[in-house]
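**Q** Just dropping this structure here.
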Amino acid sequence: MWFILILVTLICYIKYKDNIFKLLLLSSILTFISSSIINSLITQFFLFIFYFITGILFTGKKYLFKSKKIYNFQNFIGKTAIVTQTANKNKIITVKFNGNKWSAKSSDILKKGDTVIIIKIEGLILYVIKN
């Protein structure tokens, strides 16, 4: 059972890179090792909880999750982005800007790989024109 939890938390940690999964992984590994000595599943479960809470206390709550990025959207205007999918006029598409994917709209027909310029931002949608 603990081996399956180790695999699941390892996959989650690799995918999301959050410290919460690192703590869950470490707690699972320690409990897996302890299970060779302790046969009671209830005791193993409480040991897992103990390891996890101890990890939280040592790392602090603010380090458990990724920090949110803060953007100054006005700095986006005039910058270039790369189209990640082909689309017709006025359809919402995805563009890559500064390493992140963003929703975008354009009055141009765009193909995957086209370079576009950001001209306006409304909410979280970038309005772009073909470069």
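Letters A, B, ... mark the chains of the structure tokens in the order given; residue numbers begin at 1 per chain; ligand numbers begin at 1, in order shown.
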Give me the residues within 10 Å of Met1 (chain A) as an MDAnalysis selection string, counting only C-alpha atoms and dropping any in the same chain fewer than 5 places off.
**A** chainID A and resid 6 28 32 41
**Q** Generate a file of the selected residues that holds C-alpha atoms, formatted as a compact mmCIF listing (two decimals), in the first residue's frame.
**A**
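After the write, result_38.txt holds the following:
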```txt
# COMPACT_ATOMS: atom_id res chain seq x y z
CA ILE A 6 5.11 6.53 -3.00
CA SER A 28 5.28 7.78 2.43
CA PHE A 32 7.12 2.34 4.06
CA LEU A 41 -1.97 -0.60 9.63
```
**Q** Write down as a ChimeraX atom specification the residues belonging to region 68-126 of chain A that are assigned strand (DSSP E or B) by DSSP computed on the backbone.
**A** /A:80-83,87,93-97,100-106,110,115-122,125-126
**Q** For a quick check of understanding, using only C-alpha atoms, which of A:Lys62, A:Asp108, A:Phe48, A:Gly113 has the smallest distance to Thr84 (chain A)?
**A** A:Gly113
**Q** If we count only C-alpha atoms, what is near Val116 (chain A) at a cut-off of 8 Å, once residues fewer than 4 positions away on the same chain are taken out, given as number ranges by chain?
**A** A: 80-83, 128-131
**Q** Excluding same-chain residues fewer than 5 positions from Leu47 (chain A), what lies within 10 Å of it counting only C-alpha atoms, as a PyMOL selection string?
**A** chain A and resi 27-28+30-31+34-35+38+41-42+52-53
**Q** As an exercise, work out the distance from CA of Gly99 (chain A) to CA of Leu10 (chain A) in Å and give it to one decimal place.
**A** 24.6 Å
**Q** Could you pull the residues within 9 Å of Cys12 (chain A), counting only C-alpha atoms, minus those fewer than 6 positions along the same chain, as a list in words?
**A** Asp18, Phe21 and Lys22 of chain A
**Q** Write the residues of the selection above to a file with C-alpha atoms, as a tab-separated table (two decimals), in the first residue's frame.
**A**
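Heads up, here's the output in result_32.tsv:
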```
chain	number	residue	atom	x	y	z
A	18	ASP	CA	4.99	21.57	-5.24
A	21	PHE	CA	4.03	16.51	-2.73
A	22	LYS	CA	7.65	16.36	-1.61
```
**Q** Enumerate as a PyMOL selection string all residues of region 54-123 of chain A assigned to helix (DSSP H, G or I) by DSSP on the backbone, naming them with the chain letters and numbers the document uses.
**A** chain A and resi 54-59+61-63+73-76
**Q** Write a file of the selected residues as a CSV table (one decimal), in the first residue's frame, keeping all heavy atoms.
**A**
```csv
chain,number,residue,atom,x,y,z
A,54,THR,N,4.9,16.8,11.0
A,54,THR,CA,6.2,17.2,11.4
A,54,THR,C,6.9,18.0,10.3
A,54,THR,O,7.6,19.0,10.4
A,54,THR,CB,7.1,16.0,11.9
A,54,THR,OG1,6.4,15.4,12.9
A,54,THR,CG2,8.5,16.5,12.4
A,55,GLY,N,6.8,17.4,9.1
A,55,GLY,CA,7.3,18.1,7.9
A,55,GLY,C,6.8,19.4,7.6
A,55,GLY,O,7.5,20.4,7.3
A,56,ILE,N,5.5,19.6,7.8
A,56,ILE,CA,4.8,20.9,7.7
A,56,ILE,C,5.4,21.9,8.7
A,56,ILE,O,5.6,23.0,8.4
A,56,ILE,CB,3.3,20.8,7.8
A,56,ILE,CG1,2.7,20.1,6.6
A,56,ILE,CG2,2.6,22.1,7.9
A,56,ILE,CD1,1.3,19.7,6.6
A,57,LEU,N,5.5,21.4,9.9
A,57,LEU,CA,6.0,22.3,11.0
A,57,LEU,C,7.4,22.8,10.7
A,57,LEU,O,7.8,23.9,11.0
A,57,LEU,CB,5.9,21.6,12.4
A,57,LEU,CG,4.5,21.4,12.9
A,57,LEU,CD1,4.5,20.6,14.2
A,57,LEU,CD2,3.7,22.7,13.1
A,58,PHE,N,8.2,21.9,10.2
A,58,PHE,CA,9.6,22.3,9.9
A,58,PHE,C,9.8,23.1,8.7
A,58,PHE,O,10.7,24.0,8.6
A,58,PHE,CB,10.5,21.0,9.8
A,58,PHE,CG,11.0,20.5,11.1
A,58,PHE,CD1,10.5,19.3,11.6
A,58,PHE,CD2,11.9,21.2,11.9
A,58,PHE,CE1,10.9,18.8,12.8
A,58,PHE,CE2,12.3,20.7,13.1
A,58,PHE,CZ,11.8,19.5,13.6
A,59,THR,N,8.9,22.9,7.6
A,59,THR,CA,9.1,23.7,6.4
A,59,THR,C,8.3,25.0,6.5
A,59,THR,O,8.6,26.0,5.8
A,59,THR,CB,8.6,22.9,5.2
A,59,THR,OG1,7.3,22.5,5.3
A,59,THR,CG2,9.5,21.7,4.9
A,61,LYS,N,4.1,26.7,6.4
A,61,LYS,CA,3.0,26.6,5.4
A,61,LYS,C,3.3,27.4,4.2
A,61,LYS,O,2.9,27.0,3.1
A,61,LYS,CB,1.7,27.1,6.1
A,61,LYS,CG,1.1,26.1,7.0
A,61,LYS,CD,-0.4,26.3,7.3
A,61,LYS,CE,-0.9,27.6,7.7
A,61,LYS,NZ,-2.2,27.6,8.2
A,62,LYS,N,4.0,28.5,4.2
A,62,LYS,CA,4.1,29.3,3.0
A,62,LYS,C,5.0,28.7,2.0
A,62,LYS,O,5.0,29.1,0.9
A,62,LYS,CB,4.6,30.7,3.4
A,62,LYS,CG,6.0,30.8,4.0
A,62,LYS,CD,6.4,32.2,4.3
A,62,LYS,CE,7.8,32.3,4.8
A,62,LYS,NZ,8.2,33.7,5.1
A,63,TYR,N,5.8,27.7,2.4
A,63,TYR,CA,6.7,27.0,1.4
A,63,TYR,C,6.1,25.7,0.8
A,63,TYR,O,6.7,25.1,0.0
A,63,TYR,CB,8.0,26.7,2.1
A,63,TYR,CG,8.8,27.9,2.5
A,63,TYR,CD1,8.9,28.1,3.9
A,63,TYR,CD2,9.3,28.8,1.6
A,63,TYR,CE1,9.6,29.3,4.3
A,63,TYR,CE2,10.0,29.9,2.0
A,63,TYR,CZ,10.1,30.1,3.4
A,63,TYR,OH,10.8,31.3,3.8
A,73,PHE,N,0.4,43.7,-16.5
A,73,PHE,CA,-0.1,43.5,-17.8
A,73,PHE,C,0.3,44.6,-18.8
A,73,PHE,O,0.4,44.4,-20.0
A,73,PHE,CB,-1.6,43.2,-17.8
A,73,PHE,CG,-1.9,41.9,-17.2
A,73,PHE,CD1,-2.6,41.9,-15.9
A,73,PHE,CD2,-1.6,40.7,-17.7
A,73,PHE,CE1,-3.0,40.7,-15.3
A,73,PHE,CE2,-2.0,39.5,-17.2
A,73,PHE,CZ,-2.6,39.5,-16.0
A,74,GLN,N,0.4,45.8,-18.3
A,74,GLN,CA,0.8,46.9,-19.2
A,74,GLN,C,2.1,46.7,-19.9
A,74,GLN,O,2.4,47.2,-21.0
A,74,GLN,CB,0.7,48.2,-18.5
A,74,GLN,CG,-0.7,48.6,-18.0
A,74,GLN,CD,-1.7,48.5,-19.1
A,74,GLN,OE1,-1.5,49.0,-20.2
A,74,GLN,NE2,-2.9,47.9,-18.8
A,75,ASN,N,3.0,46.0,-19.2
A,75,ASN,CA,4.3,45.7,-19.8
A,75,ASN,C,4.2,44.7,-21.0
A,75,ASN,O,5.2,44.5,-21.7
A,75,ASN,CB,5.3,45.1,-18.8
A,75,ASN,CG,5.7,46.2,-17.8
A,75,ASN,OD1,5.5,47.4,-18.0
A,75,ASN,ND2,6.2,45.8,-16.7
A,76,PHE,N,3.1,44.0,-21.1
A,76,PHE,CA,2.9,43.0,-22.2
A,76,PHE,C,2.7,43.7,-23.6
A,76,PHE,O,3.1,43.1,-24.6
A,76,PHE,CB,1.7,42.1,-21.9
A,76,PHE,CG,1.8,41.1,-20.8
A,76,PHE,CD1,2.8,41.2,-19.8
A,76,PHE,CD2,1.0,40.0,-20.8
A,76,PHE,CE1,2.9,40.3,-18.9
A,76,PHE,CE2,1.1,39.1,-19.8
A,76,PHE,CZ,2.1,39.2,-18.8
```
**Q** Please determine, counting only C-alpha atoms, which residue among A:Gly123, A:Gln85, A:Lys91, A:Ile49 has the shortest atom-to-atom distance to Ser106 (chain A).
**A**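 Of A:Gly123, A:Gln85, A:Lys91, A:Ile49, the one nearest Ser106 (chain A) is A:Lys91, counting only C-alpha atoms.
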**Q** Interatomic distance between CA of Trp2 (chain A) and CA of Ile29 (chain A)?
**A**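 Computing it gives 7.5 Å between the two atoms.
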**Q** Do a neighbour search on Leu124 (chain A) at 12 Å with only C-alpha atoms, toss out local chain neighbours closer than 5 positions, and write the hits as a PyMOL selection string.
**A** chain A and resi 71-73+76+92+94+101-105
**Q** Take the residues from that selection and put them in a file with N, CA, C and O atoms, as a PDB file, in the first residue's frame.
**A**
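Once everything was written out, this is again00.pdb:
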```pdb
ATOM      1  N   TYR A  71       1.847  39.699 -12.397  1.00  0.00           N
ATOM      2  CA  TYR A  71       2.161  40.265 -13.700  1.00  0.00           C
ATOM      3  C   TYR A  71       1.742  41.725 -13.771  1.00  0.00           C
ATOM      4  O   TYR A  71       0.701  42.111 -13.252  1.00  0.00           O
ATOM      5  N   ASN A  72       2.541  42.523 -14.430  1.00  0.00           N
ATOM      6  CA  ASN A  72       2.164  43.882 -14.787  1.00  0.00           C
ATOM      7  C   ASN A  72       1.757  43.819 -16.251  1.00  0.00           C
ATOM      8  O   ASN A  72       2.590  43.850 -17.144  1.00  0.00           O
ATOM      9  N   PHE A  73       0.447  43.712 -16.479  1.00  0.00           N
ATOM     10  CA  PHE A  73      -0.055  43.479 -17.828  1.00  0.00           C
ATOM     11  C   PHE A  73       0.282  44.599 -18.809  1.00  0.00           C
ATOM     12  O   PHE A  73       0.402  44.361 -19.998  1.00  0.00           O
ATOM     13  N   PHE A  76       3.083  43.991 -21.124  1.00  0.00           N
ATOM     14  CA  PHE A  76       2.903  43.009 -22.198  1.00  0.00           C
ATOM     15  C   PHE A  76       2.712  43.683 -23.556  1.00  0.00           C
ATOM     16  O   PHE A  76       3.089  43.131 -24.581  1.00  0.00           O
ATOM     17  N   ILE A  92     -10.640  32.209 -30.000  1.00  0.00           N
ATOM     18  CA  ILE A  92      -9.669  32.232 -28.912  1.00  0.00           C
ATOM     19  C   ILE A  92      -8.624  31.153 -29.195  1.00  0.00           C
ATOM     20  O   ILE A  92      -8.961  30.008 -29.476  1.00  0.00           O
ATOM     21  N   THR A  94      -4.293  29.884 -28.284  1.00  0.00           N
ATOM     22  CA  THR A  94      -3.282  29.874 -27.231  1.00  0.00           C
ATOM     23  C   THR A  94      -1.974  30.378 -27.814  1.00  0.00           C
ATOM     24  O   THR A  94      -1.573  29.971 -28.896  1.00  0.00           O
ATOM     25  N   LYS A 101       1.681  29.864 -21.261  1.00  0.00           N
ATOM     26  CA  LYS A 101       0.617  29.851 -22.261  1.00  0.00           C
ATOM     27  C   LYS A 101      -0.489  30.824 -21.838  1.00  0.00           C
ATOM     28  O   LYS A 101      -0.872  30.857 -20.675  1.00  0.00           O
ATOM     29  N   TRP A 102      -0.964  31.601 -22.816  1.00  0.00           N
ATOM     30  CA  TRP A 102      -2.013  32.593 -22.585  1.00  0.00           C
ATOM     31  C   TRP A 102      -3.102  32.433 -23.630  1.00  0.00           C
ATOM     32  O   TRP A 102      -2.832  32.037 -24.754  1.00  0.00           O
ATOM     33  N   SER A 103      -4.326  32.770 -23.252  1.00  0.00           N
ATOM     34  CA  SER A 103      -5.417  32.825 -24.223  1.00  0.00           C
ATOM     35  C   SER A 103      -5.308  34.133 -24.974  1.00  0.00           C
ATOM     36  O   SER A 103      -4.979  35.169 -24.396  1.00  0.00           O
ATOM     37  N   ALA A 104      -5.586  34.071 -26.276  1.00  0.00           N
ATOM     38  CA  ALA A 104      -5.458  35.270 -27.101  1.00  0.00           C
ATOM     39  C   ALA A 104      -6.528  35.269 -28.185  1.00  0.00           C
ATOM     40  O   ALA A 104      -7.085  34.226 -28.524  1.00  0.00           O
ATOM     41  N   LYS A 105      -6.798  36.461 -28.705  1.00  0.00           N
ATOM     42  CA  LYS A 105      -7.737  36.652 -29.815  1.00  0.00           C
ATOM     43  C   LYS A 105      -7.055  37.503 -30.860  1.00  0.00           C
ATOM     44  O   LYS A 105      -6.263  38.391 -30.535  1.00  0.00           O
TER      45      LYS A 105
END
```
**Q** So what do you get for CA of Thr9 (chain A) versus CA of Ile37 (chain A), distance-wise?
**A**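 Atom-to-atom, CA of Thr9 (chain A) to CA of Ile37 (chain A), that is 22.6 Å.
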